[in-house]
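Data block below; observations after.
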Amino acid sequence: MLVSNNIRFFQVVAPALRMLHSAAPTPLACPPGCPRRARRRRCAAVTACGASLEERVGALVSWCVERGAEGSGLAVSDVGPRGRGVVATRDIAPGEVLLSLPLSLGLADDWAPSQRGVPWHARLALRVLREQHLGVASEFAPYLALLPDAIASPLVDDTMWLRLRAYAPLLAECDTLRSEIADAHAALGEQLAGVSVSQFAAAVALVHSRAYGFSGNGQAYLRVLLPLCDMLNHGGDEGQDSEEAPCWPPVRDAGNCRWDVDEGMMYVSATEALSAGDEALFSYREQSSDHFLLYYGFCPPANPHDDVVLFADLPALLRWHADLCPSLWAGDAVALRAAARAAVQAVEADVAAGGERALLASEPRIKALGGGRVDGRLLAALAAIRGGDAVAASRDLAARCREVLTPLEQADVGVTEAYDPVRDYLRHKARILRETLATLNV
């Protein structure tokens, strides 16, 4: 934890970050003997000289302002169970630019020939670890001093990982990424200078939780960690908060800011009016809660873009149905498979005609969605297998939903913590399946 007294954090630290005005705050003096004093690296020095949290926050702001950052009307504060966030210190008008920051202030993914074939997150994690190893000698020391010690993620937290056994699709994705991290650790070898696999995985989790990605000016896709900008929390589409109502369609957009990149600068601006004390939020993209939990360590409330994977692909669906109804498949199984495939191809043709060809190519998984919606390929395949009997197809779908729902509900038993992202995640998956079952009404 950054500080044990949350009230003190809000009252003392937030005023130090009424950022950022055209004039830099009063510089923090280095203690005598600091190795960087002669070179005026006072912002980096506070990291190694026992500085308070307030001093470290002030040092980061000073460091950013001295290097071209500008802004006004924001403060860093403890805003809830997820820790730090950014709040407005005054009324803010829509369209107002709140923060501008040179991209040069960020830690970028700098590819080197010795890292050929290593994933971007591993390269950027290596960059972070190297800068951390330099300590106060790092140019980025003021930024590094305020990075969290750990990220709550199933990539590094074995307790979270074990609880994902209730939902196999995310567990499999997590296992794949864990293996990729271990392989990257081995590939980087001596470049990691004795860093353990667990330490490296923690750095990768940190990178995933904070990195921006963008391209422009004819350059390749760039991923970078940016100070100050990476303190804004997610605020996106939200469904109805009550489980008695469907979570689709969205009923509100919690985001009130956006970020843009132009000519080597990052700009954060308000998309709607903010009052003093409002948290500044922008969307990390509207996507499944799988992505949020795995890469950011939280689950958005009532996420209308969440989904539940029922089958990995069409062959998995066919194998499952053969086990469900062996007598049906005892006859001409080849004909049943052909009918199912033809029905799915017809749905895919319609979707592709609507401009979603790329989505189909990248997503073979068959899902249930919020509001009782299901993948059209699933219904088409089941109806084809059942010879057009829609009621029988609905019963089959309900059977699959109950299979996936049971471990989700069992995993939630006995969890009492006020804030538990895995519990929230599993509950939301279960909510989607219950909505689907209610829609089927069989």
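Note on naming: chains are A, B, ... as they come in the structure tokens, residues start from 1 per chain, ligands start from 1 in the order shown.
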As a PDB file with N, CA and C atoms, in the first residue's frame, please: the residues near A:Ala339 (cut-off 9 Å, only C-alpha atoms, same-chain neighbours under 5 positions excluded).
```
ATOM      1  N   VAL A 334     -22.472 -37.652 -39.787  1.00  0.00           N
ATOM      2  CA  VAL A 334     -21.888 -36.813 -40.834  1.00  0.00           C
ATOM      3  C   VAL A 334     -22.915 -35.804 -41.334  1.00  0.00           C
ATOM      4  N   VAL A 344     -24.168 -22.450 -39.727  1.00  0.00           N
ATOM      5  CA  VAL A 344     -23.217 -21.473 -39.195  1.00  0.00           C
ATOM      6  C   VAL A 344     -22.634 -20.628 -40.320  1.00  0.00           C
ATOM      7  N   ALA A 381     -26.798 -23.457 -35.410  1.00  0.00           N
ATOM      8  CA  ALA A 381     -26.251 -24.811 -35.386  1.00  0.00           C
ATOM      9  C   ALA A 381     -27.159 -25.767 -34.630  1.00  0.00           C
ATOM     10  N   ALA A 384     -30.277 -26.537 -36.595  1.00  0.00           N
ATOM     11  CA  ALA A 384     -29.997 -27.435 -37.724  1.00  0.00           C
ATOM     12  C   ALA A 384     -29.846 -28.874 -37.243  1.00  0.00           C
ATOM     13  N   ILE A 385     -29.135 -29.046 -36.129  1.00  0.00           N
ATOM     14  CA  ILE A 385     -28.960 -30.393 -35.578  1.00  0.00           C
ATOM     15  C   ILE A 385     -30.313 -30.996 -35.209  1.00  0.00           C
ATOM     16  N   GLY A 387     -33.089 -30.464 -36.603  1.00  0.00           N
ATOM     17  CA  GLY A 387     -34.013 -30.530 -37.738  1.00  0.00           C
ATOM     18  C   GLY A 387     -35.035 -29.419 -37.766  1.00  0.00           C
TER      19      GLY A 387
END
```
TODO: Just list the residues in stretch 209-323 of chain A DSSP gives strand (DSSP E) on the backbone, as an NGL selection string.
DONE: :A and (212-214 or 222-225 or 233-234 or 237-238 or 252-253 or 257-262 or 265-270 or 281-282 or 307-311)
TODO: Go through stretch 48-277 of chain A and collect every residue that DSSP, computed from the backbone, puts in helix (DSSP H, G or I); the answer should be as an MDAnalysis selection string.
DONE: chainID A and resid 48 53:66 103:105 113:115 120:137 141:144 158:166 168:192 197:210 229:231
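Between A:Leu318 and the candidates A:Glu263, A:Arg337, A:Phe200, A:Asp306, the tightest atom-to-atom separation, counting only C-alpha atoms, involves A:Arg337.
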- [ ] Would you mind listing what lies within 9 Å of stretch 358-375 of chain A as a PyMOL selection string, with only C-alpha atoms counted and same-chain residues fewer than 2 positions away left out?
- [x] chain A and resi 245-249+303-314+317+348+351-352+355-356+377-380+401+431-440
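Across A:Gln191, A:Ser138, A:Gln410, A:Thr159, the tightest approach to A:Ala122 is made by A:Gln191 when counting only C-alpha atoms.
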Task: Pick from A:Val207, A:Ile92, A:Leu426, A:Ala302 nearest to A:Val251, counting only C-alpha atoms - done: A:Ala302
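Of the residues under consideration (A:Leu192, A:Cys64, A:Val86, A:Leu162), A:Leu192 shows the shortest atom-to-atom contact distance to A:Gln132 when counting only C-alpha atoms.
Closest approach to A:Leu147 among A:Ser283, A:Gln115, A:Gln199, A:Ser209 is made by A:Ser209 (distances from only C-alpha atoms).
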Task: Å distance separating atom CA of A:Ala88 from atom CA of A:Asn233, one decimal place - done: 13.1 Å
Go through stretch 172-251 of chain A and flag each residue having an atom no more than 9 Å from stretch 289-295 of chain A; for those, report the closest pair of atoms plus their distance in Å to one decimal, using only C-alpha atoms, ordered by chain and rising number, as JSON lines.
```
{"residue": "A:Glu173", "atom": "CA", "partner": "A:Leu294", "partner_atom": "CA", "distance": 8.7}
{"residue": "A:Cys174", "atom": "CA", "partner": "A:Leu294", "partner_atom": "CA", "distance": 7.0}
{"residue": "A:Ala205", "atom": "CA", "partner": "A:Tyr295", "partner_atom": "CA", "distance": 6.7}
{"residue": "A:Leu206", "atom": "CA", "partner": "A:Tyr295", "partner_atom": "CA", "distance": 8.7}
{"residue": "A:Val207", "atom": "CA", "partner": "A:Tyr295", "partner_atom": "CA", "distance": 8.9}
{"residue": "A:His208", "atom": "CA", "partner": "A:Tyr295", "partner_atom": "CA", "distance": 5.5}
{"residue": "A:Ser209", "atom": "CA", "partner": "A:Tyr295", "partner_atom": "CA", "distance": 5.6}
```
Could you save the residues just selected, with N, CA and C atoms, as an mmCIF file, in the first residue's frame?
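Generated output (selection_14.cif):
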```cif
data_model
loop_
_atom_site.group_PDB
_atom_site.id
_atom_site.type_symbol
_atom_site.label_atom_id
_atom_site.label_comp_id
_atom_site.auth_asym_id
_atom_site.auth_seq_id
_atom_site.Cartn_x
_atom_site.Cartn_y
_atom_site.Cartn_z
ATOM 1 N N GLU A 173 -6.656 -18.585 -20.998
ATOM 2 C CA GLU A 173 -5.971 -17.393 -21.517
ATOM 3 C C GLU A 173 -4.864 -16.952 -20.577
ATOM 4 N N CYS A 174 -5.145 -17.021 -19.283
ATOM 5 C CA CYS A 174 -4.139 -16.650 -18.292
ATOM 6 C C CYS A 174 -2.953 -17.606 -18.341
ATOM 7 N N ALA A 205 2.907 -7.519 -15.594
ATOM 8 C CA ALA A 205 1.562 -7.141 -15.144
ATOM 9 C C ALA A 205 1.455 -5.629 -14.981
ATOM 10 N N LEU A 206 2.491 -5.008 -14.448
ATOM 11 C CA LEU A 206 2.506 -3.554 -14.311
ATOM 12 C C LEU A 206 2.401 -2.881 -15.673
ATOM 13 N N VAL A 207 3.170 -3.379 -16.630
ATOM 14 C CA VAL A 207 3.161 -2.807 -17.975
ATOM 15 C C VAL A 207 1.770 -2.911 -18.603
ATOM 16 N N HIS A 208 1.155 -4.075 -18.515
ATOM 17 C CA HIS A 208 -0.167 -4.252 -19.097
ATOM 18 C C HIS A 208 -1.192 -3.315 -18.464
ATOM 19 N N SER A 209 -1.061 -3.064 -17.184
ATOM 20 C CA SER A 209 -2.066 -2.265 -16.483
ATOM 21 C C SER A 209 -1.956 -0.780 -16.781
#
```
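Considering the residues A:Met160, A:Ser269, A:Val391, A:Arg127 and counting only C-alpha atoms, A:Gly71 has its shortest atom-to-atom contact with A:Ser269.
Put simply, atom CA of A:Arg123 is 7.4 Å away from atom CA of A:Asp110.
Atom CA of A:Lys429 is found 7.5 Å from atom CA of A:Leu408.
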